[in-house]
Every structure is written in structure tokens, then in C-alpha cells.
Amino acid sequence: MIAHIAIDIGGTRMRAASYSPTSLTPIKINRIPSRVLGTTPQIRLLDLVNSVWPDDEDVESIGVASAGPVDHEAGIVMTSPNIPELNNFPLSDYLLQHFDVPVMLGNDANLAALGEWKYGAGQGHDHLIYFTISTGIGSGVIMGGHLLTGSRGMASELGHTNVLPDGPLCVCGQRGHLEAISSGTAIARWVKAELDNGVPSTLSKIQPVTARDVAEAAGQGDELALAAFERAGTYLGRALADFLHIFNPSIVIFGGGVSKSADLFIEPVRIAMKKHVISPGYIENLIITTAALGDDSGLIGAQW
């Protein structure tokens, strides 16, 4: 029997799964931290793939979803925002040499967009924008039933749109990017800065503060935590208004860990988006929702 292996390399964790061609339920699946002292991400990736290799099936291909810009034709991770060891790394050739099967490399958010379009919340929509909001902000765009990849597979990095000139430093090295303001990391960083400035909050007892901590505090009515999600959602909504002008999608899908707190930021997104669009036609019948495939969007897109 034939099987495929899908890998999702994120800033915080790597996941891999093996699938049969006729099922979205993995044969085997595993998840590990992306970086651990004493070993390299490359070696950890080999161990991860071995851990999901099916016992009785022949593996036909490996699909890899990697964060950041990738050259999908050359199979090179050009920039890995949170795993510098993978910068300019020929990942496809590396895996091909070790496993002797064809390897396809793509941006993680692009492949998650494919997964949601084909099997998830985007079914029936040929014009969609997908965001994954977690450690950073990735995105994928499908127009006319085609994934927008650009000349080298580097298109649709909407998280690196400048929304606040001279704003917070983004992990990419530029300032004021959407990722530096509305990602989970950025939400936690803003809360810490406010706490350091003496703003009262139940979060003052927690060190270090994470986006999950902020979400839990917001759920309990903490004013600083609520303000953090309102700020993140407002900037996201402003940026989304611009993206609507460019792409005119029928659906916007939010995935990633922060999307689990969608009830905290979707309304600020809607308010800011409505305020900044140039015509109400852009938001008429527009669907804003969360990923139906959850954490598996990238894996399913990678094996498709």
C-alpha cells in the first residue's frame, strides 16, 4: 500500500504524520519541539520522520510545510524566522538523501490555505485568505481556485505588511509589521511592557507571560488582557481592509494557536475592517471564520 508523509515545521514545534492516499486520518502522527539544546533541528527532523514512517506501506512522497519564505522549486528554506539553523538550507535535498523519496517544500501558511480550501472551512470558496496566528503570522491566498505563490514561491507574506511605521521590531528585522503587533508573541510582549509600566493586572503574578496566559486572563475579565486582544484585533482589521481591496475574497479563515481565542479579537477585527474599507461591497456577504482542520491544516495541505 502507498503512503505519503507530511511535515509541518513551525517556530515552536515540528509535526509529522503519515497518510494513506484515501484518508485524512493519519496512520501515525508525532509532534516535537522545534529546537532543543544539544542537537540540531535537522537531526530532530530526521528522527521525527522516522517516528511516523509506516510499518507496512511504501512511502511515495514527503511534503514539507515550513514557516517563512521558501524557494519551492529549488527546495530551499530561504529564511526560517524562528529557526535560524534552517536559513538558506536545502531541505528537500537533505530529506531526499536520507529517505530516497521525492520531497515537495512549501510555505506552511500557503499549504494550510490549500488544506482549508480543499478539505476545511474554505470548501466552496475559490477566493480566500488564510491566516495562521501563533508565534508569528503566516498567510496564504487562493484566487480563482489557484494558490498564489509568486515567481519563487515567496508570495502572500501578509504578516510582514507594515502597519505601524517605526513600530515594534519584527523577528524578520523590520519594524512595524503586522506580525510584530498581532501575533501571539507580540500580544504577550505588549502585555509585559504594560506591566513593566505599572499597569495593574492579574498577569503581574505570571513570569513569563504567554499569549495563552493573556487569553485566560481576558476570559476572566482582566482589563489589560482584554485591551491586548482588542489592540491586536484592531491592527489586524486595519490590515485586512487593505487585503480585501487587493484580493476581494469571499472568506477569511484564521488558524493557529491564537485563533482559539477568536472570540476575543474577531469583533475588533470586524470594527476596524468596516471602518477602513473603501466600499461596503468588500464586506458584504464576507465570511470570517476559524480553521475547520485546526492544527492539521498545514499537514493536510502538505500531503495534498
# chains A, B, ... in the order shown; residues from 1 in each chain; ligands from 1

call {"tool": "residues_around", "arguments": {"residues": "range 116-122 of chain A", "least_positions_apart": "4", "cutoff": "6 Å", "atoms": "only C-alpha atoms", "output": "count of residues only"}}
result
3

call {"tool": "select_by_dssp", "arguments": {"residues": "range 6-255 of chain A", "states": "strand (DSSP E)", "output": "ChimeraX atom specification"}}
result
/A:6-9,13-19,28-33,58-66,70-71,76-77,103-107,127-133,137-143,146-147,251-255

call {"tool": "write_last_selection", "arguments": {"atoms": "C-alpha atoms", "output": "CSV table (one decimal), in the first residue's frame"}}
result
chain,number,residue,atom,x,y,z
A,6,ALA,CA,3.6,15.3,5.7
A,7,ILE,CA,5.7,17.6,7.8
A,8,ASP,CA,4.8,21.0,9.4
A,9,ILE,CA,7.8,23.0,10.7
A,13,ARG,CA,7.2,22.8,17.2
A,14,MET,CA,7.6,20.3,14.4
A,15,ARG,CA,4.8,17.9,13.5
A,16,ALA,CA,4.8,15.0,11.1
A,17,ALA,CA,2.2,12.4,10.0
A,18,SER,CA,1.9,9.6,7.5
A,19,TYR,CA,-1.3,9.2,5.5
A,28,LYS,CA,1.0,7.7,12.6
A,29,ILE,CA,1.5,11.3,13.9
A,30,ASN,CA,4.0,12.9,16.2
A,31,ARG,CA,5.0,16.3,17.5
A,32,ILE,CA,8.2,17.6,19.0
A,33,PRO,CA,9.7,20.9,20.0
A,58,ASP,CA,5.7,2.2,0.8
A,59,VAL,CA,6.2,5.9,1.2
A,60,GLU,CA,5.7,7.6,-2.2
A,61,SER,CA,6.5,11.2,-1.3
A,62,ILE,CA,7.2,13.7,1.5
A,63,GLY,CA,5.6,17.1,1.7
A,64,VAL,CA,7.0,19.8,3.9
A,65,ALA,CA,5.3,22.9,5.2
A,66,SER,CA,7.9,25.4,6.5
A,70,VAL,CA,10.9,29.2,0.8
A,71,ASP,CA,12.1,28.6,-2.8
A,76,ILE,CA,15.4,25.6,-0.1
A,77,VAL,CA,14.2,27.2,3.1
A,103,VAL,CA,10.2,15.8,-1.5
A,104,MET,CA,8.0,18.9,-2.0
A,105,LEU,CA,8.6,22.0,0.0
A,106,GLY,CA,6.2,24.8,0.5
A,107,ASN,CA,5.4,27.7,2.9
A,127,HIS,CA,-11.3,33.3,-3.4
A,128,LEU,CA,-10.0,33.1,0.1
A,129,ILE,CA,-7.4,34.5,2.5
A,130,TYR,CA,-6.0,32.2,5.3
A,131,PHE,CA,-4.0,33.5,8.3
A,132,THR,CA,-2.2,31.4,10.8
A,133,ILE,CA,-1.7,33.4,14.0
A,137,ILE,CA,1.6,35.5,11.4
A,138,GLY,CA,1.7,33.5,8.2
A,139,SER,CA,-0.8,33.7,5.4
A,140,GLY,CA,-1.9,32.1,2.2
A,141,VAL,CA,-4.1,33.4,-0.6
A,142,ILE,CA,-6.2,31.4,-3.1
A,143,MET,CA,-7.6,33.3,-6.1
A,146,HIS,CA,-5.3,28.8,-7.5
A,147,LEU,CA,-2.8,29.2,-4.7
A,251,ILE,CA,-14.0,34.2,3.0
A,252,VAL,CA,-11.2,34.9,5.6
A,253,ILE,CA,-10.0,32.0,7.7
A,254,PHE,CA,-8.0,32.3,10.9
A,255,GLY,CA,-5.9,29.3,12.1

call {"tool": "closest_residue", "arguments": {"among": "A:Asp263, A:Glu230, A:Glu57, A:Glu73", "to": "Ile2 in chain A", "atoms": "only C-alpha atoms"}}
result
A:Glu57

call {"tool": "residues_around", "arguments": {"residues": "Pro208 in chain A", "least_positions_apart": "3", "cutoff": "12 Å", "atoms": "only C-alpha atoms", "output": "NGL selection string"}}
result
:A and (185 or 188-189 or 191-193 or 195 or 203-205 or 211-214)

call {"tool": "write_last_selection", "arguments": {"atoms": "N, CA and C atoms", "output": "mmCIF file, in the first residue's frame"}}
result
data_model
loop_
_atom_site.group_PDB
_atom_site.id
_atom_site.type_symbol
_atom_site.label_atom_id
_atom_site.label_comp_id
_atom_site.auth_asym_id
_atom_site.auth_seq_id
_atom_site.Cartn_x
_atom_site.Cartn_y
_atom_site.Cartn_z
ATOM 1 N N THR A 185 3.092 36.057 20.052
ATOM 2 C CA THR A 185 4.314 36.571 20.673
ATOM 3 C C THR A 185 4.200 38.064 20.931
ATOM 4 N N ALA A 188 1.838 38.921 23.902
ATOM 5 C CA ALA A 188 2.492 38.705 25.193
ATOM 6 C C ALA A 188 3.536 39.782 25.465
ATOM 7 N N ARG A 189 4.272 40.176 24.430
ATOM 8 C CA ARG A 189 5.316 41.197 24.607
ATOM 9 C C ARG A 189 4.707 42.543 24.984
ATOM 10 N N VAL A 191 1.853 43.061 26.531
ATOM 11 C CA VAL A 191 1.363 42.956 27.908
ATOM 12 C C VAL A 191 2.509 43.115 28.901
ATOM 13 N N LYS A 192 3.643 42.482 28.604
ATOM 14 C CA LYS A 192 4.801 42.604 29.506
ATOM 15 C C LYS A 192 5.250 44.052 29.614
ATOM 16 N N ALA A 193 5.280 44.764 28.482
ATOM 17 C CA ALA A 193 5.687 46.163 28.507
ATOM 18 C C ALA A 193 4.723 46.998 29.343
ATOM 19 N N LEU A 195 2.864 45.888 31.833
ATOM 20 C CA LEU A 195 3.100 45.513 33.234
ATOM 21 C C LEU A 195 4.328 46.217 33.777
ATOM 22 N N LEU A 203 -2.110 39.384 35.594
ATOM 23 C CA LEU A 203 -0.969 38.774 34.914
ATOM 24 C C LEU A 203 0.364 39.166 35.540
ATOM 25 N N SER A 204 0.356 40.145 36.431
ATOM 26 C CA SER A 204 1.601 40.584 37.064
ATOM 27 C C SER A 204 2.236 39.481 37.892
ATOM 28 N N LYS A 205 1.464 38.464 38.250
ATOM 29 C CA LYS A 205 1.971 37.352 39.059
ATOM 30 C C LYS A 205 2.597 36.253 38.211
ATOM 31 N N ALA A 211 0.889 34.207 25.413
ATOM 32 C CA ALA A 211 -0.391 34.574 24.804
ATOM 33 C C ALA A 211 -1.527 33.758 25.405
ATOM 34 N N ARG A 212 -1.243 32.508 25.751
ATOM 35 C CA ARG A 212 -2.271 31.675 26.378
ATOM 36 C C ARG A 212 -2.661 32.244 27.745
ATOM 37 N N ASP A 213 -1.661 32.712 28.500
ATOM 38 C CA ASP A 213 -1.957 33.347 29.797
ATOM 39 C C ASP A 213 -2.840 34.576 29.596
ATOM 40 N N VAL A 214 -2.523 35.355 28.570
ATOM 41 C CA VAL A 214 -3.301 36.573 28.299
ATOM 42 C C VAL A 214 -4.733 36.204 27.923
#

call {"tool": "residues_around", "arguments": {"residues": "Leu169 in chain A", "least_positions_apart": "4", "cutoff": "12 Å", "atoms": "only C-alpha atoms", "output": "number ranges by chain"}}
result
A: 160, 162, 164-165, 173-181, 185-186, 189-190

call {"tool": "write_last_selection", "arguments": {"atoms": "C-alpha atoms", "output": "mmCIF file, in the first residue's frame"}}
result
data_model
loop_
_atom_site.group_PDB
_atom_site.id
_atom_site.type_symbol
_atom_site.label_atom_id
_atom_site.label_comp_id
_atom_site.auth_asym_id
_atom_site.auth_seq_id
_atom_site.Cartn_x
_atom_site.Cartn_y
_atom_site.Cartn_z
ATOM 1 C CA HIS A 160 5.014 41.231 7.008
ATOM 2 C CA ASN A 162 3.949 47.385 7.548
ATOM 3 C CA LEU A 164 2.831 50.890 12.067
ATOM 4 C CA PRO A 165 5.867 52.747 10.687
ATOM 5 C CA GLY A 173 14.399 42.536 11.360
ATOM 6 C CA GLN A 174 11.936 45.143 10.068
ATOM 7 C CA ARG A 175 9.746 47.383 12.211
ATOM 8 C CA GLY A 176 6.001 47.805 12.388
ATOM 9 C CA HIS A 177 4.958 44.604 10.662
ATOM 10 C CA LEU A 178 1.569 43.089 11.433
ATOM 11 C CA GLU A 179 3.341 40.071 12.936
ATOM 12 C CA ALA A 180 5.112 42.350 15.420
ATOM 13 C CA ILE A 181 1.771 43.654 16.688
ATOM 14 C CA THR A 185 4.314 36.571 20.673
ATOM 15 C CA ALA A 186 3.530 40.243 20.088
ATOM 16 C CA ARG A 189 5.316 41.197 24.607
ATOM 17 C CA TRP A 190 2.935 44.172 24.673
#

call {"tool": "select_by_dssp", "arguments": {"residues": "range 159-233 of chain A", "states": "helix (DSSP H, G or I)", "output": "PDB file with N, CA and C atoms, in the first residue's frame"}}
result
ATOM      1  N   GLY A 159       1.653  38.821   6.770  1.00  0.00           N
ATOM      2  CA  GLY A 159       2.055  39.153   8.139  1.00  0.00           C
ATOM      3  C   GLY A 159       3.205  40.136   8.191  1.00  0.00           C
ATOM      4  N   HIS A 160       3.890  40.296   7.054  1.00  0.00           N
ATOM      5  CA  HIS A 160       5.014  41.231   7.008  1.00  0.00           C
ATOM      6  C   HIS A 160       4.649  42.495   6.239  1.00  0.00           C
ATOM      7  N   GLU A 179       2.907  41.155  12.051  1.00  0.00           N
ATOM      8  CA  GLU A 179       3.341  40.071  12.936  1.00  0.00           C
ATOM      9  C   GLU A 179       3.892  40.599  14.248  1.00  0.00           C
ATOM     10  N   ALA A 180       4.516  41.772  14.223  1.00  0.00           N
ATOM     11  CA  ALA A 180       5.112  42.350  15.420  1.00  0.00           C
ATOM     12  C   ALA A 180       4.083  42.981  16.343  1.00  0.00           C
ATOM     13  N   ILE A 181       2.825  43.008  15.896  1.00  0.00           N
ATOM     14  CA  ILE A 181       1.771  43.654  16.688  1.00  0.00           C
ATOM     15  C   ILE A 181       0.647  42.693  17.051  1.00  0.00           C
ATOM     16  N   SER A 182       0.298  41.778  16.149  1.00  0.00           N
ATOM     17  CA  SER A 182      -0.905  40.966  16.357  1.00  0.00           C
ATOM     18  C   SER A 182      -0.650  39.476  16.506  1.00  0.00           C
ATOM     19  N   GLY A 184       0.756  36.005  18.517  1.00  0.00           N
ATOM     20  CA  GLY A 184       0.724  35.607  19.923  1.00  0.00           C
ATOM     21  C   GLY A 184       1.924  36.130  20.671  1.00  0.00           C
ATOM     22  N   THR A 185       3.092  36.057  20.052  1.00  0.00           N
ATOM     23  CA  THR A 185       4.314  36.571  20.673  1.00  0.00           C
ATOM     24  C   THR A 185       4.200  38.064  20.931  1.00  0.00           C
ATOM     25  N   ALA A 186       3.657  38.794  19.960  1.00  0.00           N
ATOM     26  CA  ALA A 186       3.530  40.243  20.088  1.00  0.00           C
ATOM     27  C   ALA A 186       2.517  40.623  21.172  1.00  0.00           C
ATOM     28  N   ILE A 187       1.446  39.868  21.272  1.00  0.00           N
ATOM     29  CA  ILE A 187       0.448  40.135  22.317  1.00  0.00           C
ATOM     30  C   ILE A 187       1.085  40.000  23.691  1.00  0.00           C
ATOM     31  N   ALA A 188       1.838  38.921  23.902  1.00  0.00           N
ATOM     32  CA  ALA A 188       2.492  38.705  25.193  1.00  0.00           C
ATOM     33  C   ALA A 188       3.536  39.782  25.465  1.00  0.00           C
ATOM     34  N   ARG A 189       4.272  40.176  24.430  1.00  0.00           N
ATOM     35  CA  ARG A 189       5.316  41.197  24.607  1.00  0.00           C
ATOM     36  C   ARG A 189       4.707  42.543  24.984  1.00  0.00           C
ATOM     37  N   TRP A 190       3.586  42.906  24.348  1.00  0.00           N
ATOM     38  CA  TRP A 190       2.935  44.172  24.673  1.00  0.00           C
ATOM     39  C   TRP A 190       2.420  44.170  26.107  1.00  0.00           C
ATOM     40  N   VAL A 191       1.853  43.061  26.531  1.00  0.00           N
ATOM     41  CA  VAL A 191       1.363  42.956  27.908  1.00  0.00           C
ATOM     42  C   VAL A 191       2.509  43.115  28.901  1.00  0.00           C
ATOM     43  N   LYS A 192       3.643  42.482  28.604  1.00  0.00           N
ATOM     44  CA  LYS A 192       4.801  42.604  29.506  1.00  0.00           C
ATOM     45  C   LYS A 192       5.250  44.052  29.614  1.00  0.00           C
ATOM     46  N   ALA A 193       5.280  44.764  28.482  1.00  0.00           N
ATOM     47  CA  ALA A 193       5.687  46.163  28.507  1.00  0.00           C
ATOM     48  C   ALA A 193       4.723  46.998  29.343  1.00  0.00           C
ATOM     49  N   GLU A 194       3.437  46.717  29.227  1.00  0.00           N
ATOM     50  CA  GLU A 194       2.440  47.445  30.021  1.00  0.00           C
ATOM     51  C   GLU A 194       2.596  47.138  31.507  1.00  0.00           C
ATOM     52  N   LEU A 195       2.864  45.888  31.833  1.00  0.00           N
ATOM     53  CA  LEU A 195       3.100  45.513  33.234  1.00  0.00           C
ATOM     54  C   LEU A 195       4.328  46.217  33.777  1.00  0.00           C
ATOM     55  N   ASP A 196       5.378  46.301  32.965  1.00  0.00           N
ATOM     56  CA  ASP A 196       6.605  46.984  33.390  1.00  0.00           C
ATOM     57  C   ASP A 196       6.359  48.468  33.624  1.00  0.00           C
ATOM     58  N   THR A 202      -3.963  40.959  36.739  1.00  0.00           N
ATOM     59  CA  THR A 202      -3.724  39.671  37.393  1.00  0.00           C
ATOM     60  C   THR A 202      -2.512  38.969  36.790  1.00  0.00           C
ATOM     61  N   LEU A 203      -2.110  39.384  35.594  1.00  0.00           N
ATOM     62  CA  LEU A 203      -0.969  38.774  34.914  1.00  0.00           C
ATOM     63  C   LEU A 203       0.364  39.166  35.540  1.00  0.00           C
ATOM     64  N   SER A 204       0.356  40.145  36.431  1.00  0.00           N
ATOM     65  CA  SER A 204       1.601  40.584  37.064  1.00  0.00           C
ATOM     66  C   SER A 204       2.236  39.481  37.892  1.00  0.00           C
ATOM     67  N   LYS A 205       1.464  38.464  38.250  1.00  0.00           N
ATOM     68  CA  LYS A 205       1.971  37.352  39.059  1.00  0.00           C
ATOM     69  C   LYS A 205       2.597  36.253  38.211  1.00  0.00           C
ATOM     70  N   ALA A 211       0.889  34.207  25.413  1.00  0.00           N
ATOM     71  CA  ALA A 211      -0.391  34.574  24.804  1.00  0.00           C
ATOM     72  C   ALA A 211      -1.527  33.758  25.405  1.00  0.00           C
ATOM     73  N   ARG A 212      -1.243  32.508  25.751  1.00  0.00           N
ATOM     74  CA  ARG A 212      -2.271  31.675  26.378  1.00  0.00           C
ATOM     75  C   ARG A 212      -2.661  32.244  27.745  1.00  0.00           C
ATOM     76  N   ASP A 213      -1.661  32.712  28.500  1.00  0.00           N
ATOM     77  CA  ASP A 213      -1.957  33.347  29.797  1.00  0.00           C
ATOM     78  C   ASP A 213      -2.840  34.576  29.596  1.00  0.00           C
ATOM     79  N   VAL A 214      -2.523  35.355  28.570  1.00  0.00           N
ATOM     80  CA  VAL A 214      -3.301  36.573  28.299  1.00  0.00           C
ATOM     81  C   VAL A 214      -4.733  36.204  27.923  1.00  0.00           C
ATOM     82  N   ALA A 215      -4.901  35.152  27.129  1.00  0.00           N
ATOM     83  CA  ALA A 215      -6.242  34.728  26.738  1.00  0.00           C
ATOM     84  C   ALA A 215      -7.047  34.262  27.948  1.00  0.00           C
ATOM     85  N   GLU A 216      -6.401  33.510  28.824  1.00  0.00           N
ATOM     86  CA  GLU A 216      -7.104  33.035  30.018  1.00  0.00           C
ATOM     87  C   GLU A 216      -7.501  34.198  30.910  1.00  0.00           C
ATOM     88  N   ALA A 217      -6.615  35.170  31.056  1.00  0.00           N
ATOM     89  CA  ALA A 217      -6.937  36.342  31.877  1.00  0.00           C
ATOM     90  C   ALA A 217      -8.052  37.162  31.251  1.00  0.00           C
ATOM     91  N   ALA A 218      -8.029  37.279  29.928  1.00  0.00           N
ATOM     92  CA  ALA A 218      -9.087  38.011  29.238  1.00  0.00           C
ATOM     93  C   ALA A 218     -10.434  37.332  29.451  1.00  0.00           C
ATOM     94  N   GLY A 219     -10.433  35.997  29.432  1.00  0.00           N
ATOM     95  CA  GLY A 219     -11.660  35.253  29.673  1.00  0.00           C
ATOM     96  C   GLY A 219     -12.230  35.482  31.057  1.00  0.00           C
ATOM     97  N   GLU A 223      -8.707  43.565  32.487  1.00  0.00           N
ATOM     98  CA  GLU A 223      -8.799  44.695  31.563  1.00  0.00           C
ATOM     99  C   GLU A 223      -7.576  44.805  30.658  1.00  0.00           C
ATOM    100  N   LEU A 224      -6.386  44.563  31.197  1.00  0.00           N
ATOM    101  CA  LEU A 224      -5.192  44.645  30.372  1.00  0.00           C
ATOM    102  C   LEU A 224      -5.191  43.547  29.306  1.00  0.00           C
ATOM    103  N   ALA A 225      -5.580  42.357  29.683  1.00  0.00           N
ATOM    104  CA  ALA A 225      -5.626  41.245  28.734  1.00  0.00           C
ATOM    105  C   ALA A 225      -6.643  41.512  27.629  1.00  0.00           C
ATOM    106  N   LEU A 226      -7.802  42.038  28.012  1.00  0.00           N
ATOM    107  CA  LEU A 226      -8.816  42.384  27.013  1.00  0.00           C
ATOM    108  C   LEU A 226      -8.299  43.467  26.069  1.00  0.00           C
ATOM    109  N   ALA A 227      -7.586  44.441  26.628  1.00  0.00           N
ATOM    110  CA  ALA A 227      -7.034  45.524  25.802  1.00  0.00           C
ATOM    111  C   ALA A 227      -5.992  44.987  24.830  1.00  0.00           C
ATOM    112  N   ALA A 228      -5.242  43.978  25.260  1.00  0.00           N
ATOM    113  CA  ALA A 228      -4.214  43.397  24.397  1.00  0.00           C
ATOM    114  C   ALA A 228      -4.833  42.757  23.161  1.00  0.00           C
ATOM    115  N   PHE A 229      -5.916  42.022  23.346  1.00  0.00           N
ATOM    116  CA  PHE A 229      -6.563  41.381  22.204  1.00  0.00           C
ATOM    117  C   PHE A 229      -7.308  42.404  21.349  1.00  0.00           C
ATOM    118  N   GLU A 230      -7.850  43.443  21.977  1.00  0.00           N
ATOM    119  CA  GLU A 230      -8.519  44.482  21.194  1.00  0.00           C
ATOM    120  C   GLU A 230      -7.504  45.211  20.315  1.00  0.00           C
ATOM    121  N   ARG A 231      -6.324  45.498  20.865  1.00  0.00           N
ATOM    122  CA  ARG A 231      -5.268  46.162  20.092  1.00  0.00           C
ATOM    123  C   ARG A 231      -4.825  45.284  18.922  1.00  0.00           C
ATOM    124  N   ALA A 232      -4.569  44.008  19.207  1.00  0.00           N
ATOM    125  CA  ALA A 232      -4.132  43.092  18.153  1.00  0.00           C
ATOM    126  C   ALA A 232      -5.195  42.965  17.069  1.00  0.00           C
ATOM    127  N   GLY A 233      -6.456  42.838  17.472  1.00  0.00           N
ATOM    128  CA  GLY A 233      -7.540  42.703  16.512  1.00  0.00           C
ATOM    129  C   GLY A 233      -7.757  43.949  15.691  1.00  0.00           C
TER     130      GLY A 233
END

call {"tool": "closest_residue", "arguments": {"among": "A:Cys172, A:Val209, A:Leu48, A:Ile283", "to": "Pro69 in chain A", "atoms": "only C-alpha atoms"}}
result
A:Cys172

call {"tool": "closest_residue", "arguments": {"among": "A:Tyr94, A:Trp53, A:Tyr235, A:Phe99", "to": "Gly167 in chain A", "atoms": "only C-alpha atoms"}}
result
A:Tyr235

call {"tool": "closest_residue", "arguments": {"among": "A:Thr25, A:Asn248, A:Gln220, A:Ser201", "to": "Asp126 in chain A", "atoms": "only C-alpha atoms"}}
result
A:Asn248

call {"tool": "residues_around", "arguments": {"residues": "Arg35 in chain A", "least_positions_apart": "3", "cutoff": "8 Å", "atoms": "only C-alpha atoms", "output": "list in words"}}
result
Thr12, Arg13, Thr39, Thr40, Pro41 and Ile83 of chain A

call {"tool": "write_last_selection", "arguments": {"atoms": "C-alpha atoms", "output": "mmCIF file, in the first residue's frame"}}
result
data_model
loop_
_atom_site.group_PDB
_atom_site.id
_atom_site.type_symbol
_atom_site.label_atom_id
_atom_site.label_comp_id
_atom_site.auth_asym_id
_atom_site.auth_seq_id
_atom_site.Cartn_x
_atom_site.Cartn_y
_atom_site.Cartn_z
ATOM 1 C CA THR A 12 7.782 26.378 18.284
ATOM 2 C CA ARG A 13 7.209 22.798 17.219
ATOM 3 C CA THR A 39 21.015 18.716 18.859
ATOM 4 C CA THR A 40 20.177 20.389 15.564
ATOM 5 C CA PRO A 41 16.710 20.908 14.045
ATOM 6 C CA ILE A 83 14.843 28.500 13.458
#

call {"tool": "residues_around", "arguments": {"residues": "Gly281 in chain A", "least_positions_apart": "4", "cutoff": "12 Å", "atoms": "only C-alpha atoms", "output": "ChimeraX atom specification"}}
result
/A:241,244-245,248-250,274,277,285-286

call {"tool": "write_last_selection", "arguments": {"atoms": "C-alpha atoms", "output": "PDB file, in the first residue's frame"}}
result
ATOM      1  CA  ALA A 241      -9.228  46.071   4.954  1.00  0.00           C
ATOM      2  CA  LEU A 244      -9.771  42.987   0.902  1.00  0.00           C
ATOM      3  CA  HIS A 245      -9.052  45.827  -1.528  1.00  0.00           C
ATOM      4  CA  ASN A 248     -11.594  40.696  -2.701  1.00  0.00           C
ATOM      5  CA  PRO A 249     -12.054  37.245  -1.082  1.00  0.00           C
ATOM      6  CA  SER A 250     -15.380  35.666  -0.157  1.00  0.00           C
ATOM      7  CA  LYS A 274     -15.560  48.069   8.405  1.00  0.00           C
ATOM      8  CA  VAL A 277     -12.699  49.599   3.658  1.00  0.00           C
ATOM      9  CA  ASN A 285     -21.514  38.548   2.496  1.00  0.00           C
ATOM     10  CA  LEU A 286     -17.851  38.192   3.554  1.00  0.00           C
TER      11      LEU A 286
END

call {"tool": "atom_distance", "arguments": {"atom1": "CA of Glu157 in chain A", "atom2": "CA of Pro26 in chain A"}}
result
28.9 Å

call {"tool": "closest_residue", "arguments": {"among": "A:Leu240, A:Ile246, A:Leu111, A:Ser259", "to": "Ser183 in chain A", "atoms": "only C-alpha atoms"}}
result
A:Ser259

call {"tool": "closest_residue", "arguments": {"among": "A:Thr234, A:Gly68, A:Phe243, A:Gly257", "to": "Arg270 in chain A", "atoms": "only C-alpha atoms"}}
result
A:Thr234
